[in-house]
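Next comes model22.tsv, with TSV, C-alpha atoms and all ligand atoms.
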```tsv
chain	number	residue	atom	x	y	z
A	1	MET	CA	-29.90	90.67	117.48
A	2	THR	CA	-28.51	92.78	114.65
A	3	ALA	CA	-28.06	91.36	111.14
A	4	ASP	CA	-24.43	90.59	112.10
A	5	ASN	CA	-25.57	88.68	115.23
A	6	ARG	CA	-24.60	91.37	117.75
A	7	LYS	CA	-26.81	91.53	120.85
A	8	VAL	CA	-29.01	94.62	120.99
A	9	ILE	CA	-29.40	96.30	124.39
A	10	TRP	CA	-31.69	99.21	125.30
A	11	ILE	CA	-30.81	101.21	128.41
A	12	THR	CA	-32.98	103.96	129.88
A	13	GLY	CA	-31.57	106.60	132.22
A	14	ALA	CA	-28.39	106.35	130.18
A	15	SER	CA	-27.35	109.99	129.74
A	16	MET	CA	-25.14	109.85	132.86
A	17	GLY	CA	-24.32	107.86	135.98
A	18	ILE	CA	-24.83	104.10	136.10
A	19	GLY	CA	-26.81	103.93	132.84
A	20	ALA	CA	-24.10	105.69	130.81
A	21	ALA	CA	-21.44	103.44	132.36
A	22	ILE	CA	-23.47	100.33	131.44
A	23	ALA	CA	-23.75	101.69	127.88
A	24	ARG	CA	-19.98	102.14	127.58
A	25	ARG	CA	-19.30	98.67	129.01
A	26	ALA	CA	-21.92	97.05	126.74
A	27	ALA	CA	-20.34	98.74	123.71
A	28	GLN	CA	-16.94	97.31	124.71
A	29	GLU	CA	-18.67	93.93	124.88
A	30	GLY	CA	-19.49	94.32	121.17
A	31	TRP	CA	-23.23	94.82	121.65
A	32	ALA	CA	-25.34	97.34	119.73
A	33	VAL	CA	-26.40	99.85	122.39
A	34	ALA	CA	-29.50	102.06	122.32
A	35	VAL	CA	-29.43	104.76	125.00
A	36	SER	CA	-32.41	106.78	126.23
A	37	ALA	CA	-32.92	109.71	128.59
A	38	ARG	CA	-34.25	113.26	128.24
A	39	SER	CA	-30.94	115.15	127.77
A	40	ARG	CA	-30.29	115.10	124.03
A	41	ASP	CA	-26.90	116.81	124.38
A	42	LYS	CA	-25.58	114.26	126.86
A	43	LEU	CA	-26.88	111.37	124.74
A	44	ALA	CA	-25.27	112.85	121.63
A	45	ALA	CA	-21.94	113.13	123.47
A	46	LEU	CA	-22.20	109.49	124.57
A	47	GLU	CA	-23.11	108.43	121.01
A	48	ALA	CA	-20.01	110.23	119.72
A	49	GLU	CA	-17.80	108.14	122.04
A	50	HIS	CA	-18.45	104.80	120.33
A	51	ASP	CA	-19.81	103.56	116.98
A	52	ALA	CA	-21.95	100.97	118.76
A	53	ILE	CA	-23.86	103.54	120.85
A	54	HIS	CA	-27.05	105.07	119.39
A	55	ALA	CA	-29.09	107.83	121.01
A	56	TYR	CA	-32.89	107.63	121.32
A	57	PRO	CA	-34.11	110.54	123.47
A	58	LEU	CA	-37.10	109.66	125.66
A	59	ASP	CA	-38.99	110.90	128.68
A	60	VAL	CA	-39.99	107.59	130.29
A	61	LEU	CA	-42.97	109.34	131.93
A	62	ASP	CA	-44.58	109.61	128.48
A	63	ARG	CA	-46.22	106.18	128.28
A	64	GLY	CA	-46.81	106.05	124.53
A	65	GLU	CA	-43.34	107.35	123.68
A	66	ASN	CA	-41.74	104.26	125.27
A	67	ALA	CA	-43.36	102.01	122.66
A	68	ALA	CA	-42.61	104.48	119.85
A	69	VAL	CA	-38.92	104.68	120.81
A	70	LEU	CA	-38.68	100.90	121.09
A	71	ASP	CA	-40.18	100.60	117.60
A	72	ARG	CA	-37.58	103.02	116.24
A	73	ILE	CA	-34.72	101.16	117.94
A	74	GLU	CA	-35.89	97.82	116.53
A	75	ALA	CA	-36.35	99.27	113.04
A	76	ASP	CA	-32.78	100.63	113.13
A	77	LEU	CA	-30.87	97.95	115.04
A	78	GLY	CA	-33.04	94.81	115.03
A	79	PRO	CA	-34.98	93.15	117.86
A	80	VAL	CA	-33.89	94.18	121.35
A	81	ASP	CA	-32.36	91.25	123.26
A	82	ILE	CA	-31.82	93.03	126.59
A	83	ALA	CA	-33.76	95.95	128.10
A	84	VAL	CA	-32.28	97.66	131.16
A	85	LEU	CA	-34.92	100.00	132.59
A	86	ASN	CA	-32.74	102.13	134.82
A	87	ALA	CA	-34.08	105.72	134.89
A	88	GLY	CA	-34.68	106.63	138.51
A	89	THR	CA	-34.14	109.27	141.13
A	90	HIS	CA	-33.69	109.89	144.83
A	91	ALA	CA	-34.24	112.86	147.11
A	92	ASP	CA	-33.16	113.05	150.72
A	93	MET	CA	-36.34	113.40	152.78
A	94	PRO	CA	-36.17	113.62	156.58
A	95	ALA	CA	-39.50	112.57	158.11
A	96	ALA	CA	-40.00	116.03	159.62
A	97	GLU	CA	-39.88	117.47	156.09
A	98	PHE	CA	-41.96	114.72	154.47
A	99	ASP	CA	-43.25	116.17	151.22
A	100	ALA	CA	-46.04	114.30	149.45
A	101	ALA	CA	-45.38	116.05	146.13
A	102	ALA	CA	-41.70	115.10	146.23
A	103	ALA	CA	-42.67	111.54	147.19
A	104	ALA	CA	-45.06	111.42	144.22
A	105	ARG	CA	-42.25	112.54	141.87
A	106	ILE	CA	-40.08	109.68	143.15
A	107	PHE	CA	-42.91	107.14	142.76
A	108	ASP	CA	-43.69	108.48	139.27
A	109	LEU	CA	-40.20	108.07	137.90
A	110	ASN	CA	-39.09	105.00	139.84
A	111	LEU	CA	-42.32	103.01	139.44
A	112	THR	CA	-44.60	104.47	136.75
A	113	GLY	CA	-41.64	105.35	134.52
A	114	LEU	CA	-40.47	101.75	134.79
A	115	ALA	CA	-43.96	100.38	134.14
A	116	ASN	CA	-44.15	102.52	130.98
A	117	GLY	CA	-41.07	100.71	129.67
A	118	ILE	CA	-42.09	97.27	130.91
A	119	GLU	CA	-45.35	97.35	128.93
A	120	PRO	CA	-43.92	97.48	125.38
A	121	VAL	CA	-40.87	95.37	126.25
A	122	VAL	CA	-42.86	92.51	127.75
A	123	GLN	CA	-45.35	92.54	124.87
A	124	ARG	CA	-42.55	92.13	122.34
A	125	PHE	CA	-40.50	89.62	124.35
A	126	LEU	CA	-43.52	87.39	125.02
A	127	ALA	CA	-44.53	87.46	121.35
A	128	ARG	CA	-41.00	86.30	120.45
A	129	GLY	CA	-40.66	83.88	123.37
A	130	ARG	CA	-37.29	85.38	124.27
A	131	GLY	CA	-35.63	88.44	125.76
A	132	ARG	CA	-34.04	89.70	128.96
A	133	LEU	CA	-35.56	92.49	131.04
A	134	ALA	CA	-33.57	94.03	133.92
A	135	LEU	CA	-35.08	96.60	136.29
A	136	THR	CA	-32.85	98.86	138.37
A	137	ALA	CA	-33.90	98.82	142.03
A	138	SER	CA	-31.44	99.37	144.89
A	139	VAL	CA	-30.23	97.74	148.11
A	140	ALA	CA	-32.37	100.52	149.65
A	141	GLY	CA	-35.34	98.39	148.64
A	142	TYR	CA	-34.40	95.65	151.12
A	143	ARG	CA	-35.57	97.54	154.23
A	144	GLY	CA	-36.86	101.00	155.11
A	145	LEU	CA	-33.90	103.33	155.70
A	146	PRO	CA	-34.11	106.68	157.56
A	147	ARG	CA	-34.58	109.85	155.46
A	148	ALA	CA	-35.55	107.80	152.42
A	149	ALA	CA	-39.14	106.64	153.00
A	150	ALA	CA	-40.35	107.35	149.46
A	151	TYR	CA	-37.16	106.10	147.78
A	152	CYS	CA	-37.07	102.85	149.80
A	153	ALA	CA	-40.78	102.27	149.14
A	154	SER	CA	-40.25	102.81	145.41
A	155	LYS	CA	-37.27	100.45	145.22
A	156	ALA	CA	-38.99	97.76	147.33
A	157	GLY	CA	-41.77	98.12	144.75
A	158	VAL	CA	-39.34	97.62	141.87
A	159	ILE	CA	-37.99	94.44	143.48
A	160	ALA	CA	-41.54	93.13	143.95
A	161	MET	CA	-42.43	94.07	140.36
A	162	ALA	CA	-39.41	92.18	139.02
A	163	GLU	CA	-40.21	89.13	141.17
A	164	SER	CA	-43.82	89.03	140.00
A	165	LEU	CA	-42.78	89.26	136.36
A	166	ALA	CA	-39.96	86.72	136.71
A	167	ALA	CA	-42.20	84.17	138.39
A	168	GLU	CA	-44.80	84.52	135.68
A	169	ILE	CA	-42.91	84.92	132.43
A	170	GLY	CA	-39.62	83.14	133.15
A	171	PRO	CA	-41.13	79.87	131.90
A	172	ARG	CA	-42.19	81.64	128.69
A	173	GLY	CA	-38.62	82.38	127.63
A	174	VAL	CA	-38.32	85.87	129.11
A	175	THR	CA	-35.58	86.34	131.71
A	176	VAL	CA	-36.40	89.01	134.28
A	177	GLN	CA	-33.68	90.35	136.58
A	178	VAL	CA	-33.39	93.03	139.23
A	179	ILE	CA	-30.30	95.21	139.64
A	180	CYS	CA	-29.60	96.24	143.25
A	181	PRO	CA	-26.61	98.56	143.49
A	182	GLY	CA	-25.16	99.86	146.75
A	183	PHE	CA	-23.69	103.37	146.66
A	184	VAL	CA	-22.24	104.30	143.25
A	185	ARG	CA	-20.53	107.62	142.54
A	186	THR	CA	-22.90	109.43	140.11
A	187	PRO	CA	-24.49	112.88	139.78
A	188	LEU	CA	-27.30	111.46	141.96
A	189	THR	CA	-25.08	110.50	144.90
A	190	ASP	CA	-22.78	113.52	144.47
A	191	LYS	CA	-25.58	115.41	146.26
A	192	ASN	CA	-25.37	113.20	149.37
A	193	GLU	CA	-23.87	114.84	152.42
A	194	PHE	CA	-23.60	111.68	154.54
A	195	PRO	CA	-20.88	109.00	154.47
A	196	MET	CA	-21.57	106.36	151.81
A	197	PRO	CA	-20.14	102.98	152.83
A	198	PHE	CA	-18.46	100.89	150.11
A	199	LEU	CA	-18.95	103.67	147.51
A	200	MET	CA	-18.18	102.25	144.04
A	201	GLU	CA	-17.13	103.86	140.78
A	202	PRO	CA	-19.72	103.66	137.99
A	203	GLU	CA	-17.32	101.66	135.77
A	204	ASP	CA	-17.09	98.94	138.46
A	205	ALA	CA	-20.87	98.91	138.83
A	206	ALA	CA	-21.28	98.61	135.05
A	207	GLU	CA	-18.83	95.71	134.97
A	208	ARG	CA	-20.98	93.81	137.49
A	209	VAL	CA	-24.18	94.65	135.64
A	210	VAL	CA	-22.94	93.55	132.21
A	211	LYS	CA	-21.57	90.32	133.71
A	212	GLY	CA	-24.89	89.74	135.48
A	213	LEU	CA	-26.79	90.33	132.23
A	214	GLN	CA	-24.95	87.34	130.80
A	215	GLY	CA	-25.71	85.12	133.78
A	216	THR	CA	-28.70	83.34	135.24
A	217	SER	CA	-29.07	84.97	138.69
A	218	PHE	CA	-32.32	86.84	139.25
A	219	GLU	CA	-30.57	89.47	141.32
A	220	ILE	CA	-27.53	91.49	140.22
A	221	ALA	CA	-26.47	93.05	143.55
A	222	PHE	CA	-23.20	94.71	144.52
A	223	PRO	CA	-20.86	95.39	146.27
A	224	ARG	CA	-21.13	91.98	147.85
A	225	ARG	CA	-20.04	92.89	151.42
A	226	PHE	CA	-22.59	95.71	151.66
A	227	VAL	CA	-25.32	93.56	150.13
A	228	TRP	CA	-24.83	90.79	152.67
A	229	GLN	CA	-24.83	93.21	155.59
A	230	LEU	CA	-28.13	94.66	154.42
A	231	LYS	CA	-29.58	91.22	153.72
A	232	LEU	CA	-28.73	90.18	157.27
A	233	LEU	CA	-30.54	93.28	158.56
A	234	ARG	CA	-33.57	92.13	156.60
A	235	LEU	CA	-33.72	88.97	158.69
A	236	LEU	CA	-33.85	90.84	162.01
A	237	PRO	CA	-37.07	91.53	163.93
A	238	ALA	CA	-38.20	95.15	163.51
A	239	ALA	CA	-37.28	96.32	167.05
A	240	LEU	CA	-33.70	95.08	166.71
A	241	TYR	CA	-33.41	96.46	163.18
A	242	PHE	CA	-34.58	99.93	164.33
A	243	ARG	CA	-32.00	99.94	167.13
A	244	LEU	CA	-29.15	99.02	164.78
A	245	ILE	CA	-30.11	101.31	161.92
A	246	ARG	CA	-30.57	104.30	164.28
A	247	LYS	CA	-27.10	103.70	165.66
A	248	ALA	CA	-25.57	103.23	162.19
A	249	THR	CA	-27.11	106.45	160.87
A	250	GLY	CA	-26.45	108.52	164.01
A	251	LEU	CA	-30.11	109.05	164.96
B	1	LIG	N1	-26.00	105.92	142.37
B	1	LIG	C1	-26.33	105.07	143.32
B	1	LIG	O1	-25.66	104.97	144.36
B	1	LIG	C2	-27.52	104.16	143.14
B	1	LIG	C3	-27.68	103.13	144.08
B	1	LIG	C4	-28.75	102.27	143.94
B	1	LIG	C5	-29.63	102.42	142.89
B	1	LIG	N2	-29.46	103.43	142.01
B	1	LIG	C6	-30.43	103.54	140.91
B	1	LIG	O2	-29.72	103.48	139.68
B	1	LIG	C7	-30.43	104.23	138.70
B	1	LIG	C8	-29.47	105.23	138.07
B	1	LIG	O3	-28.99	106.06	139.12
B	1	LIG	P1	-27.78	107.07	138.91
B	1	LIG	O4	-27.12	107.19	140.22
B	1	LIG	O5	-27.02	106.74	137.70
B	1	LIG	O6	-28.62	108.42	138.71
B	1	LIG	P2	-28.32	109.75	137.85
B	1	LIG	O7	-26.86	109.95	137.75
B	1	LIG	O8	-29.17	110.81	138.44
B	1	LIG	O9	-28.89	109.34	136.42
B	1	LIG	C9	-30.28	109.15	136.27
B	1	LIG	C10	-30.60	108.93	134.81
B	1	LIG	O10	-32.02	108.86	134.65
B	1	LIG	C11	-32.40	109.75	133.60
B	1	LIG	N3	-33.76	110.23	133.78
B	1	LIG	C12	-34.26	110.97	134.81
B	1	LIG	N4	-35.56	111.26	134.58
B	1	LIG	C13	-35.88	110.69	133.38
B	1	LIG	C14	-37.04	110.63	132.60
B	1	LIG	N5	-38.19	111.21	132.99
B	1	LIG	N6	-37.01	109.97	131.41
B	1	LIG	C15	-35.88	109.38	131.00
B	1	LIG	N7	-34.74	109.38	131.70
B	1	LIG	C16	-34.74	110.03	132.87
B	1	LIG	C17	-31.36	110.87	133.68
B	1	LIG	O11	-31.22	111.53	132.44
B	1	LIG	P3	-32.00	112.86	131.99
B	1	LIG	O12	-32.00	113.80	133.15
B	1	LIG	O13	-31.18	113.28	130.82
B	1	LIG	O14	-33.37	112.41	131.59
B	1	LIG	C18	-30.10	110.04	133.92
B	1	LIG	O15	-29.61	109.52	132.71
B	1	LIG	C19	-31.62	104.86	139.42
B	1	LIG	O16	-32.75	104.04	139.24
B	1	LIG	C20	-31.19	104.85	140.87
B	1	LIG	O17	-32.26	104.85	141.77
B	1	LIG	C21	-28.42	104.31	142.11
```
Would you mind giving the structure from this file in structure tokens?
Amino acid sequence: MTADNRKVIWITGASMGIGAAIARRAAQEGWAVAVSARSRDKLAALEAEHDAIHAYPLDVLDRGENAAVLDRIEADLGPVDIAVLNAGTHADMPAAEFDAAAAARIFDLNLTGLANGIEPVVQRFLARGRGRLALTASVAGYRGLPRAAAYCASKAGVIAMAESLAAEIGPRGVTVQVICPGFVRTPLTDKNEFPMPFLMEPEDAAERVVKGLQGTSFEIAFPRRFVWQLKLLRLLPAALYFRLIRKATGL
């Protein structure tokens, strides 16, 4: 909290898309907002929008820099109450064009990049016996979807990582949550050339996230109708799931 008792939130992957929308919504909530990403110009523009938003450029793939940036944020704003580790990426990858280097880039950002942020956050939160850590996964982590083997694997990994941490450190005062969005209109999904069911605007996604960050549910997943459809698919035996998902995706 800041000296005037405002919550302090740190958001990575906040120069655009879902992260930037969460930052704007958190600022409206009256929180002190630290935003990180690589694009200094985009962060500066976001900072200029609202007095409560403060830019801390960071490449999450630089392990040591995550701790250094967190130190700077806490020196400026006070102890971080909520960390939303959100930087992530996706690349369409049909199986026939499976590219191990592209898969490694997805794993690096979506898993190692997250781990680089988790390390300093968890150390500080455990030492204080309080804090809230939210990891951005995706509904694509529920089951393997066509053309997204590496992305789905990475997001299933994020969900598992959040569950492991929540089970272990929840009783020590640290709330761990996982954010599972469906399709949200962002620069990332603007590249998609396939129909995106239940596509949401980033402001609506941010509304759900900020509400979820004030609640007790482990999972912050939206939009609800899409989430439940995908959760039902998760219950199906593999052969039936393959039949349905091939039909749904026109394979
Ligand atoms: N949009 C969707 O439909 C959707 C659905 C489910 C889950 N998600 C997840 O939500 C998260 C945000 O997605 P989005 O759609 O908002 O994506 P986006 O528009 O592409 O934004 C990604 C953000 O991550 C930052 N980033 C990328 N590499 C980075 C690095 N090495 N270090 C620090 N920041 C980095 C980008 O900023 P810089 O380039 O400036 O670094 C940007 O701010 C991702 O984890 C994504 O997988 C998105």
Could you work out an axis-aligned bounding box for all listed atoms of segment 207-214 of chain A, with 4 Å added on each of the six sides, and give its centre and edge lengths in Å to one decimal, as AutoDock Vina command-line options?
```
--center_x -22.8 --center_y 91.5 --center_z 134.1 --size_x 16.0 --size_y 16.4 --size_z 14.7
```
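Computed from the coordinates, the atom CA of Pro197 of chain A to atom CA of Val139 of chain A distance equals 12.3 Å.
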What is the atom CA of Ala68 of chain A-atom CA of Val210 of chain A distance in Å, reported with one decimal?
25.7 Å
Using all atoms listed in the file, which residues sit within 7 Å of His54 of chain A once same-chain residues fewer than 6 positions away are excluded, as a PyMOL selection string?
chain A and resi 33-35+47
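The protein and nucleic acid residues lying at most 6 Å from segment 73-86 of chain A are Met1, Thr2, Val8, Ile9, Trp10, Ile11, Thr12, Gly13, Gly131, Arg132, Leu133, Ala134, Leu135 and Thr136 of chain A, with all atoms listed in the file considered and sequence neighbours fewer than 5 positions away removed.
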Atom pair atom CA of Asp51 of chain A / atom N5 of ligand LIG 1 (chain B): separation (Å):
25.5 Å
Tell me, as a CSV table (one decimal) with C-alpha atoms, keeping the file's coordinate frame, which residues lie within 8 Å of Val178 of chain A, counting only C-alpha atoms; anything in the same chain fewer than 6 positions away does not count.
```csv
chain,number,residue,atom,x,y,z
A,134,ALA,CA,-33.6,94.0,133.9
A,135,LEU,CA,-35.1,96.6,136.3
A,136,THR,CA,-32.8,98.9,138.4
A,137,ALA,CA,-33.9,98.8,142.0
A,158,VAL,CA,-39.3,97.6,141.9
A,159,ILE,CA,-38.0,94.4,143.5
A,162,ALA,CA,-39.4,92.2,139.0
A,218,PHE,CA,-32.3,86.8,139.2
A,219,GLU,CA,-30.6,89.5,141.3
A,220,ILE,CA,-27.5,91.5,140.2
```
Counting only C-alpha atoms, closest pick from A:Ala45, A:Val176, A:Leu233, A:Ala67 relative to Ser217 of chain A is A:Val176
Using only C-alpha atoms, can you list as a compact mmCIF listing (two decimals) with C-alpha atoms, keeping the file's coordinate frame the residues within 10 Å of (-42.2, 93.7, 120.8)?
```txt
# COMPACT_ATOMS: atom_id res chain seq x y z
CA ALA A 67 -43.36 102.01 122.66
CA LEU A 70 -38.68 100.90 121.09
CA ASP A 71 -40.18 100.60 117.60
CA GLU A 74 -35.89 97.82 116.53
CA PRO A 79 -34.98 93.15 117.86
CA VAL A 80 -33.89 94.18 121.35
CA GLU A 119 -45.35 97.35 128.93
CA PRO A 120 -43.92 97.48 125.38
CA VAL A 121 -40.87 95.37 126.25
CA VAL A 122 -42.86 92.51 127.75
CA GLN A 123 -45.35 92.54 124.87
CA ARG A 124 -42.55 92.13 122.34
CA PHE A 125 -40.50 89.62 124.35
CA LEU A 126 -43.52 87.39 125.02
CA ALA A 127 -44.53 87.46 121.35
CA ARG A 128 -41.00 86.30 120.45
CA GLY A 131 -35.63 88.44 125.76
```
Pick out the residues sitting within 12 Å of Phe226 of chain A, and hand them over as a PyMOL selection string; count all atoms listed in the file, and ignore anything fewer than 2 positions along from it in its own chain.
chain A and resi 138-140+142+180-183+196-200+221-224+228-233
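Distance check against ligand LIG 1 (chain B) using all atoms listed in the file: of A:Phe242, A:Tyr151, A:Phe107, A:Phe194, the minimum falls on A:Tyr151.
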Using only C-alpha atoms and all ligand atoms for the distances, tell me which of A:Ala205, A:Val60, A:Met161, A:Leu46 is nearest to ligand LIG 1 (chain B).
A:Val60
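With all atoms listed in the file as the atoms that count, the residue of A:Asn110, A:Thr216, A:Gln177, A:Asn66 with the shortest distance to ligand LIG 1 (chain B) is A:Asn110.
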At a cut-off of 12 Å, using all atoms listed in the file, what residues contact Thr186 of chain A? Leave out same-chain residues fewer than 3 positions from it and give the result as a ChimeraX atom specification.
/A:14-21,89-90,181-183,189-192,199-203,205
Could those selected residues go to a file with C-alpha atoms, as a PDB file, keeping the file's coordinate frame?
```pdb
ATOM      1  CA  ALA A  14     -28.390 106.350 130.180  1.00  0.00           C
ATOM      2  CA  SER A  15     -27.350 109.990 129.740  1.00  0.00           C
ATOM      3  CA  MET A  16     -25.140 109.850 132.860  1.00  0.00           C
ATOM      4  CA  GLY A  17     -24.320 107.860 135.980  1.00  0.00           C
ATOM      5  CA  ILE A  18     -24.830 104.100 136.100  1.00  0.00           C
ATOM      6  CA  GLY A  19     -26.810 103.930 132.840  1.00  0.00           C
ATOM      7  CA  ALA A  20     -24.100 105.690 130.810  1.00  0.00           C
ATOM      8  CA  ALA A  21     -21.440 103.440 132.360  1.00  0.00           C
ATOM      9  CA  THR A  89     -34.140 109.270 141.130  1.00  0.00           C
ATOM     10  CA  HIS A  90     -33.690 109.890 144.830  1.00  0.00           C
ATOM     11  CA  PRO A 181     -26.610  98.560 143.490  1.00  0.00           C
ATOM     12  CA  GLY A 182     -25.160  99.860 146.750  1.00  0.00           C
ATOM     13  CA  PHE A 183     -23.690 103.370 146.660  1.00  0.00           C
ATOM     14  CA  THR A 189     -25.080 110.500 144.900  1.00  0.00           C
ATOM     15  CA  ASP A 190     -22.780 113.520 144.470  1.00  0.00           C
ATOM     16  CA  LYS A 191     -25.580 115.410 146.260  1.00  0.00           C
ATOM     17  CA  ASN A 192     -25.370 113.200 149.370  1.00  0.00           C
ATOM     18  CA  LEU A 199     -18.950 103.670 147.510  1.00  0.00           C
ATOM     19  CA  MET A 200     -18.180 102.250 144.040  1.00  0.00           C
ATOM     20  CA  GLU A 201     -17.130 103.860 140.780  1.00  0.00           C
ATOM     21  CA  PRO A 202     -19.720 103.660 137.990  1.00  0.00           C
ATOM     22  CA  GLU A 203     -17.320 101.660 135.770  1.00  0.00           C
ATOM     23  CA  ALA A 205     -20.870  98.910 138.830  1.00  0.00           C
TER      24      ALA A 205
END
```
